[in-house]
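Structure data (mmCIF, C-alpha atoms) from entry_0.cif:
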```cif
data_structure
#
loop_
_atom_site.group_PDB
_atom_site.id
_atom_site.type_symbol
_atom_site.label_atom_id
_atom_site.label_comp_id
_atom_site.auth_asym_id
_atom_site.auth_seq_id
_atom_site.Cartn_x
_atom_site.Cartn_y
_atom_site.Cartn_z
ATOM 1 C CA MET V 1 0.000 0.000 0.000
ATOM 2 C CA ALA V 2 1.679 3.139 -1.209
ATOM 3 C CA GLY V 3 1.939 5.886 1.350
ATOM 4 C CA HIS V 4 0.952 3.565 4.228
ATOM 5 C CA ASP V 5 4.144 1.613 4.729
ATOM 6 C CA PHE V 6 5.046 0.822 8.298
ATOM 7 C CA PRO V 7 8.659 0.093 9.022
ATOM 8 C CA GLU V 8 9.390 -3.318 10.522
ATOM 9 C CA PRO V 9 10.973 -3.378 13.951
ATOM 10 C CA ALA V 10 14.691 -4.163 14.010
ATOM 11 C CA ASP V 11 14.155 -7.475 15.820
ATOM 12 C CA ARG V 12 11.298 -8.490 13.415
ATOM 13 C CA ARG V 13 8.903 -9.317 16.283
ATOM 14 C CA PRO V 14 5.241 -8.362 15.823
ATOM 15 C CA LEU V 15 4.298 -4.994 17.269
ATOM 16 C CA ALA V 16 1.377 -6.428 19.281
ATOM 17 C CA GLU V 17 0.693 -9.869 20.616
ATOM 18 C CA SER V 18 -2.675 -11.336 19.647
ATOM 19 C CA ALA V 19 -3.671 -11.642 23.333
ATOM 20 C CA ALA V 20 -3.260 -7.899 23.785
ATOM 21 C CA LEU V 21 -5.733 -6.892 21.081
ATOM 22 C CA PRO V 22 -8.671 -4.899 22.488
ATOM 23 C CA GLU V 23 -11.249 -6.883 20.481
ATOM 24 C CA GLN V 24 -10.528 -9.960 22.585
ATOM 25 C CA ALA V 25 -10.729 -8.296 26.000
ATOM 26 C CA PRO V 26 -14.550 -8.541 26.452
ATOM 27 C CA ALA V 27 -14.531 -12.265 25.674
ATOM 28 C CA LEU V 28 -11.992 -12.871 28.426
ATOM 29 C CA SER V 29 -13.856 -10.864 31.069
ATOM 30 C CA HIS V 30 -16.614 -13.493 31.470
ATOM 31 C CA ALA V 31 -14.403 -16.556 31.093
ATOM 32 C CA CYS V 32 -15.034 -19.144 33.769
ATOM 33 C CA ASP V 33 -13.213 -22.306 34.727
ATOM 34 C CA PRO V 34 -14.247 -25.112 32.334
ATOM 35 C CA ALA V 35 -14.524 -27.473 35.316
ATOM 36 C CA PHE V 36 -17.612 -25.530 36.429
ATOM 37 C CA ARG V 37 -19.402 -25.505 33.063
ATOM 38 C CA HIS V 38 -22.744 -27.325 33.092
ATOM 39 C CA GLY V 39 -22.799 -27.256 36.879
ATOM 40 C CA VAL V 40 -25.606 -26.545 39.303
ATOM 41 C CA VAL V 41 -26.180 -22.917 40.346
ATOM 42 C CA VAL V 42 -27.643 -22.333 43.799
ATOM 43 C CA GLY V 43 -28.662 -19.055 45.406
ATOM 44 C CA PHE V 44 -27.340 -18.837 48.964
ATOM 45 C CA ASP V 45 -27.671 -16.117 51.602
ATOM 46 C CA GLY V 46 -27.369 -18.111 54.821
ATOM 47 C CA SER V 47 -31.122 -18.264 55.491
ATOM 48 C CA VAL V 48 -32.842 -21.512 56.437
ATOM 49 C CA SER V 49 -34.516 -21.840 53.031
ATOM 50 C CA SER V 50 -31.216 -21.212 51.197
ATOM 51 C CA GLU V 51 -29.503 -23.830 53.391
ATOM 52 C CA ARG V 52 -32.138 -26.363 52.316
ATOM 53 C CA ALA V 53 -31.606 -25.330 48.685
ATOM 54 C CA LEU V 54 -27.843 -25.735 49.132
ATOM 55 C CA SER V 55 -28.293 -29.229 50.574
ATOM 56 C CA TYR V 56 -30.458 -30.244 47.627
ATOM 57 C CA ALA V 57 -28.020 -28.683 45.129
ATOM 58 C CA ILE V 58 -25.099 -30.574 46.702
ATOM 59 C CA GLY V 59 -26.972 -33.849 46.245
ATOM 60 C CA MET V 60 -27.901 -32.897 42.692
ATOM 61 C CA ALA V 61 -24.266 -32.055 41.858
ATOM 62 C CA ARG V 62 -23.099 -35.380 43.344
ATOM 63 C CA ARG V 63 -25.675 -37.384 41.407
ATOM 64 C CA THR V 64 -24.836 -35.698 38.108
ATOM 65 C CA ARG V 65 -21.083 -35.584 38.838
ATOM 66 C CA SER V 66 -21.003 -31.857 38.162
ATOM 67 C CA ALA V 67 -19.678 -28.828 39.981
ATOM 68 C CA LEU V 68 -21.585 -26.484 42.260
ATOM 69 C CA ILE V 69 -21.736 -22.723 41.676
ATOM 70 C CA ILE V 70 -22.905 -21.022 44.885
ATOM 71 C CA VAL V 71 -24.124 -17.474 44.272
ATOM 72 C CA HIS V 72 -24.500 -14.780 46.915
ATOM 73 C CA VAL V 73 -26.156 -11.605 45.672
ATOM 74 C CA ALA V 74 -25.167 -8.543 47.724
ATOM 75 C CA ASN V 75 -27.689 -5.845 48.573
ATOM 76 C CA ARG V 76 -28.206 -2.774 46.413
ATOM 77 C CA LEU V 77 -30.174 0.152 47.759
ATOM 78 C CA PRO V 78 -31.560 3.177 45.928
ATOM 79 C CA ALA V 79 -29.483 6.295 46.550
ATOM 80 C CA THR V 80 -32.717 8.308 46.665
ATOM 81 C CA VAL V 81 -33.168 7.091 50.227
ATOM 82 C CA TRP V 82 -30.189 9.193 51.316
ATOM 83 C CA ALA V 83 -29.749 12.000 48.802
ATOM 84 C CA GLY V 84 -33.109 12.526 47.111
ATOM 85 C CA CYS V 85 -31.496 12.066 43.678
ATOM 86 C CA GLU V 86 -33.584 11.962 40.505
ATOM 87 C CA PRO V 87 -33.734 9.500 38.758
ATOM 88 C CA PRO V 88 -33.156 6.720 41.299
ATOM 89 C CA VAL V 89 -29.580 5.490 41.348
ATOM 90 C CA PHE V 90 -28.603 2.197 42.916
ATOM 91 C CA VAL V 91 -25.584 1.985 45.176
ATOM 92 C CA ASP V 92 -23.725 -1.183 46.136
ATOM 93 C CA VAL V 93 -23.784 -1.512 49.886
ATOM 94 C CA PRO V 94 -20.584 -3.008 51.309
ATOM 95 C CA ASP V 95 -21.540 -6.582 52.126
ATOM 96 C CA HIS V 96 -19.046 -8.502 54.215
ATOM 97 C CA ARG V 97 -21.570 -11.320 54.494
ATOM 98 C CA THR V 98 -20.050 -13.003 51.421
ATOM 99 C CA GLU V 99 -16.715 -13.362 53.201
ATOM 100 C CA VAL V 100 -18.417 -14.870 56.256
ATOM 101 C CA LEU V 101 -20.468 -17.235 54.074
ATOM 102 C CA GLY V 102 -17.318 -18.248 52.196
ATOM 103 C CA LEU V 103 -15.533 -19.129 55.436
ATOM 104 C CA GLU V 104 -18.545 -21.104 56.668
ATOM 105 C CA LEU V 105 -18.761 -22.995 53.378
ATOM 106 C CA ALA V 106 -15.016 -23.701 53.335
ATOM 107 C CA CYS V 107 -15.335 -25.385 56.731
ATOM 108 C CA ALA V 108 -18.421 -27.411 55.780
ATOM 109 C CA ASP V 109 -17.796 -31.160 55.617
ATOM 110 C CA HIS V 110 -20.646 -31.817 53.168
ATOM 111 C CA LEU V 111 -18.890 -29.753 50.455
ATOM 112 C CA ALA V 112 -15.602 -31.667 50.705
ATOM 113 C CA GLU V 113 -16.482 -34.248 48.043
ATOM 114 C CA ILE V 114 -17.499 -31.912 45.220
ATOM 115 C CA SER V 115 -15.968 -29.009 43.311
ATOM 116 C CA TRP V 116 -17.575 -25.704 44.248
ATOM 117 C CA VAL V 117 -17.056 -21.991 43.846
ATOM 118 C CA LEU V 118 -18.637 -19.014 45.608
ATOM 119 C CA VAL V 119 -19.620 -16.170 43.272
ATOM 120 C CA GLU V 120 -20.563 -12.739 44.631
ATOM 121 C CA ARG V 121 -22.801 -10.451 42.612
ATOM 122 C CA GLY V 122 -24.675 -7.250 43.267
ATOM 123 C CA GLY V 123 -28.091 -6.337 41.916
ATOM 124 C CA ASP V 124 -31.426 -8.013 41.322
ATOM 125 C CA ILE V 125 -31.322 -11.569 42.653
ATOM 126 C CA CYS V 126 -33.294 -13.100 39.769
ATOM 127 C CA HIS V 127 -31.263 -11.359 37.103
ATOM 128 C CA GLU V 128 -27.933 -12.236 38.724
ATOM 129 C CA LEU V 129 -28.795 -15.914 39.247
ATOM 130 C CA GLU V 130 -29.873 -16.236 35.620
ATOM 131 C CA GLU V 131 -26.776 -14.351 34.452
ATOM 132 C CA VAL V 132 -24.455 -16.680 36.395
ATOM 133 C CA GLY V 133 -26.407 -19.630 35.007
ATOM 134 C CA ARG V 134 -25.846 -18.310 31.494
ATOM 135 C CA GLU V 135 -22.141 -17.642 32.031
ATOM 136 C CA TYR V 136 -21.513 -21.129 33.423
ATOM 137 C CA GLU V 137 -24.005 -22.793 31.044
ATOM 138 C CA ALA V 138 -25.638 -24.289 34.131
ATOM 139 C CA ASP V 139 -27.878 -27.319 33.882
ATOM 140 C CA ALA V 140 -30.185 -26.004 36.622
ATOM 141 C CA ILE V 141 -30.708 -23.234 39.162
ATOM 142 C CA VAL V 142 -31.756 -24.203 42.700
ATOM 143 C CA VAL V 143 -33.370 -21.674 45.064
ATOM 144 C CA GLY V 144 -35.219 -21.771 48.354
ATOM 145 C CA GLY V 145 -38.883 -20.898 48.580
ATOM 146 C CA THR V 146 -40.295 -17.835 50.331
ATOM 147 C CA HIS V 147 -42.926 -18.225 53.034
ATOM 148 C CA GLY V 148 -43.571 -14.629 53.964
ATOM 149 C CA LEU V 149 -45.986 -11.813 53.355
ATOM 150 C CA ALA V 150 -43.417 -9.852 51.325
ATOM 151 C CA GLY V 151 -43.076 -12.778 48.908
ATOM 152 C CA ARG V 152 -46.829 -12.866 48.395
ATOM 153 C CA ILE V 153 -47.093 -9.124 47.835
ATOM 154 C CA PHE V 154 -43.996 -8.455 45.708
ATOM 155 C CA GLY V 155 -43.531 -11.899 44.195
ATOM 156 C CA SER V 156 -40.972 -14.369 45.393
ATOM 157 C CA VAL V 157 -37.508 -14.730 43.894
ATOM 158 C CA ALA V 158 -38.322 -18.343 43.051
ATOM 159 C CA GLY V 159 -41.532 -17.413 41.232
ATOM 160 C CA ARG V 160 -39.969 -14.578 39.252
ATOM 161 C CA LEU V 161 -36.960 -16.725 38.366
ATOM 162 C CA ALA V 162 -39.124 -19.666 37.268
ATOM 163 C CA ARG V 163 -41.052 -17.383 34.901
ATOM 164 C CA ARG V 164 -38.029 -15.796 33.219
ATOM 165 C CA ALA V 165 -35.155 -18.293 33.419
ATOM 166 C CA GLN V 166 -33.815 -20.011 30.315
ATOM 167 C CA ARG V 167 -32.922 -23.187 32.213
ATOM 168 C CA PRO V 168 -34.690 -25.429 34.733
ATOM 169 C CA VAL V 169 -35.382 -23.889 38.140
ATOM 170 C CA VAL V 170 -35.776 -26.123 41.183
ATOM 171 C CA VAL V 171 -37.598 -24.508 44.112
ATOM 172 C CA ILE V 172 -37.015 -26.124 47.479
ATOM 173 C CA PRO V 173 -39.778 -25.488 50.067
#
```

Structure translated into structure tokens:
Amino acid sequence: MAGHDFPEPADRRPLAESAALPEQAPALSHACDPAFRHGVVVGFDGSVSSERALSYAIGMARRTRSALIIVHVANRLPATVWAGCEPPVFVDVPDHRTEVLGLELACADHLAEISWVLVERGGDICHELEEVGREYEADAIVVGGTHGLAGRIFGSVAGRLARRAQRPVVVIP
């Protein structure tokens, strides 16, 4: 190409490595360990219903010889509560509960026989569980059921997830 010649470097090495190209960066940001692909995703927050869901998911992962992806979704609160901002902006609240849950899970004997990972997310619980399921190409999502008034009024996580998920959802009562 006349007028667009680029001189070769003296050592004849390429100017950029293929791994450093910006087009490939987004594909690497959501890469997950292949050992956890087609695993079982379970929502866990330490509540009694999520502990039952975790127990069921552990059994399901054992039976299918797959890995377990434990997801803890941290709280997000609207900033309008504090500042009166318009439009509502959501702020991630520091949630050290994930660290505590991770330590509890690491010490749990019933998780010793299977591969598992704890994933922390922030945002809408349903959206984040489905997103993790998509990223890991999960075979199923396991959640605990809600038995409260708030679940009846606003809709439970399990119900909303069952309506919108692209993979099987198992709800444990």

>> Given the PyMOL selection byres ((chain V and resi 167) around 12) and the file above, list the residues it selects as a list in words.
In response: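 With the PyMOL selection byres ((chain V and resi 167) around 12) on this model, the match is His38, Gly39, Val40, Val41, Leu129, Glu130, Glu131, Val132, Gly133, Arg134, Tyr136, Glu137, Ala138, Asp139, Ala140, Ile141, Val142, Leu161, Ala162, Arg163, Arg164, Ala165, Gln166, Pro168, Val169 and Val170 of chain V.
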
>> Starting from the PyMOL selection byres ((chain V and resi 35) around 12), expand the selection into actual residues of this file and give them as a list in words.
In response: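 That expression, the PyMOL selection byres ((chain V and resi 35) around 12), corresponds here to Ala31, Cys32, Asp33, Pro34, Phe36, Arg37, His38, Gly39, Val40, Arg65, Ser66, Ala67, Leu68, Ile69, Ile114, Ser115, Trp116, Val117, Tyr136, Glu137 and Ala138 of chain V.
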
>> Which residue is closest to Ile125 in chain V? Choose from V:Val71, V:Gly46, V:Leu105, V:Gly145 and count all atoms listed in the file.
In response: V:Val71

>> Report, in Å to a single decimal, how far apart CA of Gly43 in chain V and CA of Met60 in chain V are.
In response: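 One can read the CA of Met60 in chain V to CA of Gly43 in chain V distance as 14.1 Å.
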
Box for range 59-64 of chain V - axis-aligned, 6 Å on each of the six sides, all listed atoms - centre and size in Å to one decimal, as AutoDock Vina command-line options.
```
--center_x -25.5 --center_y -34.7 --center_z 42.2 --size_x 16.8 --size_y 17.3 --size_z 20.1
```

> Hey, what comes out of the PyMOL selection byres ((chain V and resi 157) around 10) on this file? Could you write it as a PyMOL selection string?
Replying inline: chain V and resi 43+124-127+129+143-146+151+154-156+158-162+171

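With all atoms listed in the file taken into account, the protein and nucleic acid residues at most 8 Å from Phe44 in chain V (excluding it and anything under 4 positions from it in its own chain) are Ser50, Glu51, Ala53, Leu54, Ile70, Val71, His72 and Val143 of chain V.
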
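The space separating CA of Val48 in chain V from CA of Ala74 in chain V comes to 17.4 Å.
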
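Interatomic distance, CA of Ala57 in chain V to CA of Val42 in chain V: 6.5 Å.
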
>> List as a PyMOL selection string the protein and nucleic acid residues near Arg97 in chain V, meaning an atom at most 9 Å away when only C-alpha atoms are counted, but skip any in the same chain fewer than 2 places from it.
In response: chain V and resi 45-46+72+74+94-95+99-102

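Using all atoms listed in the file for every distance, the candidate list V:Ser49, V:Thr98, V:Glu113, V:Glu104 yields V:Glu113 as the residue closest to Ala61 in chain V.
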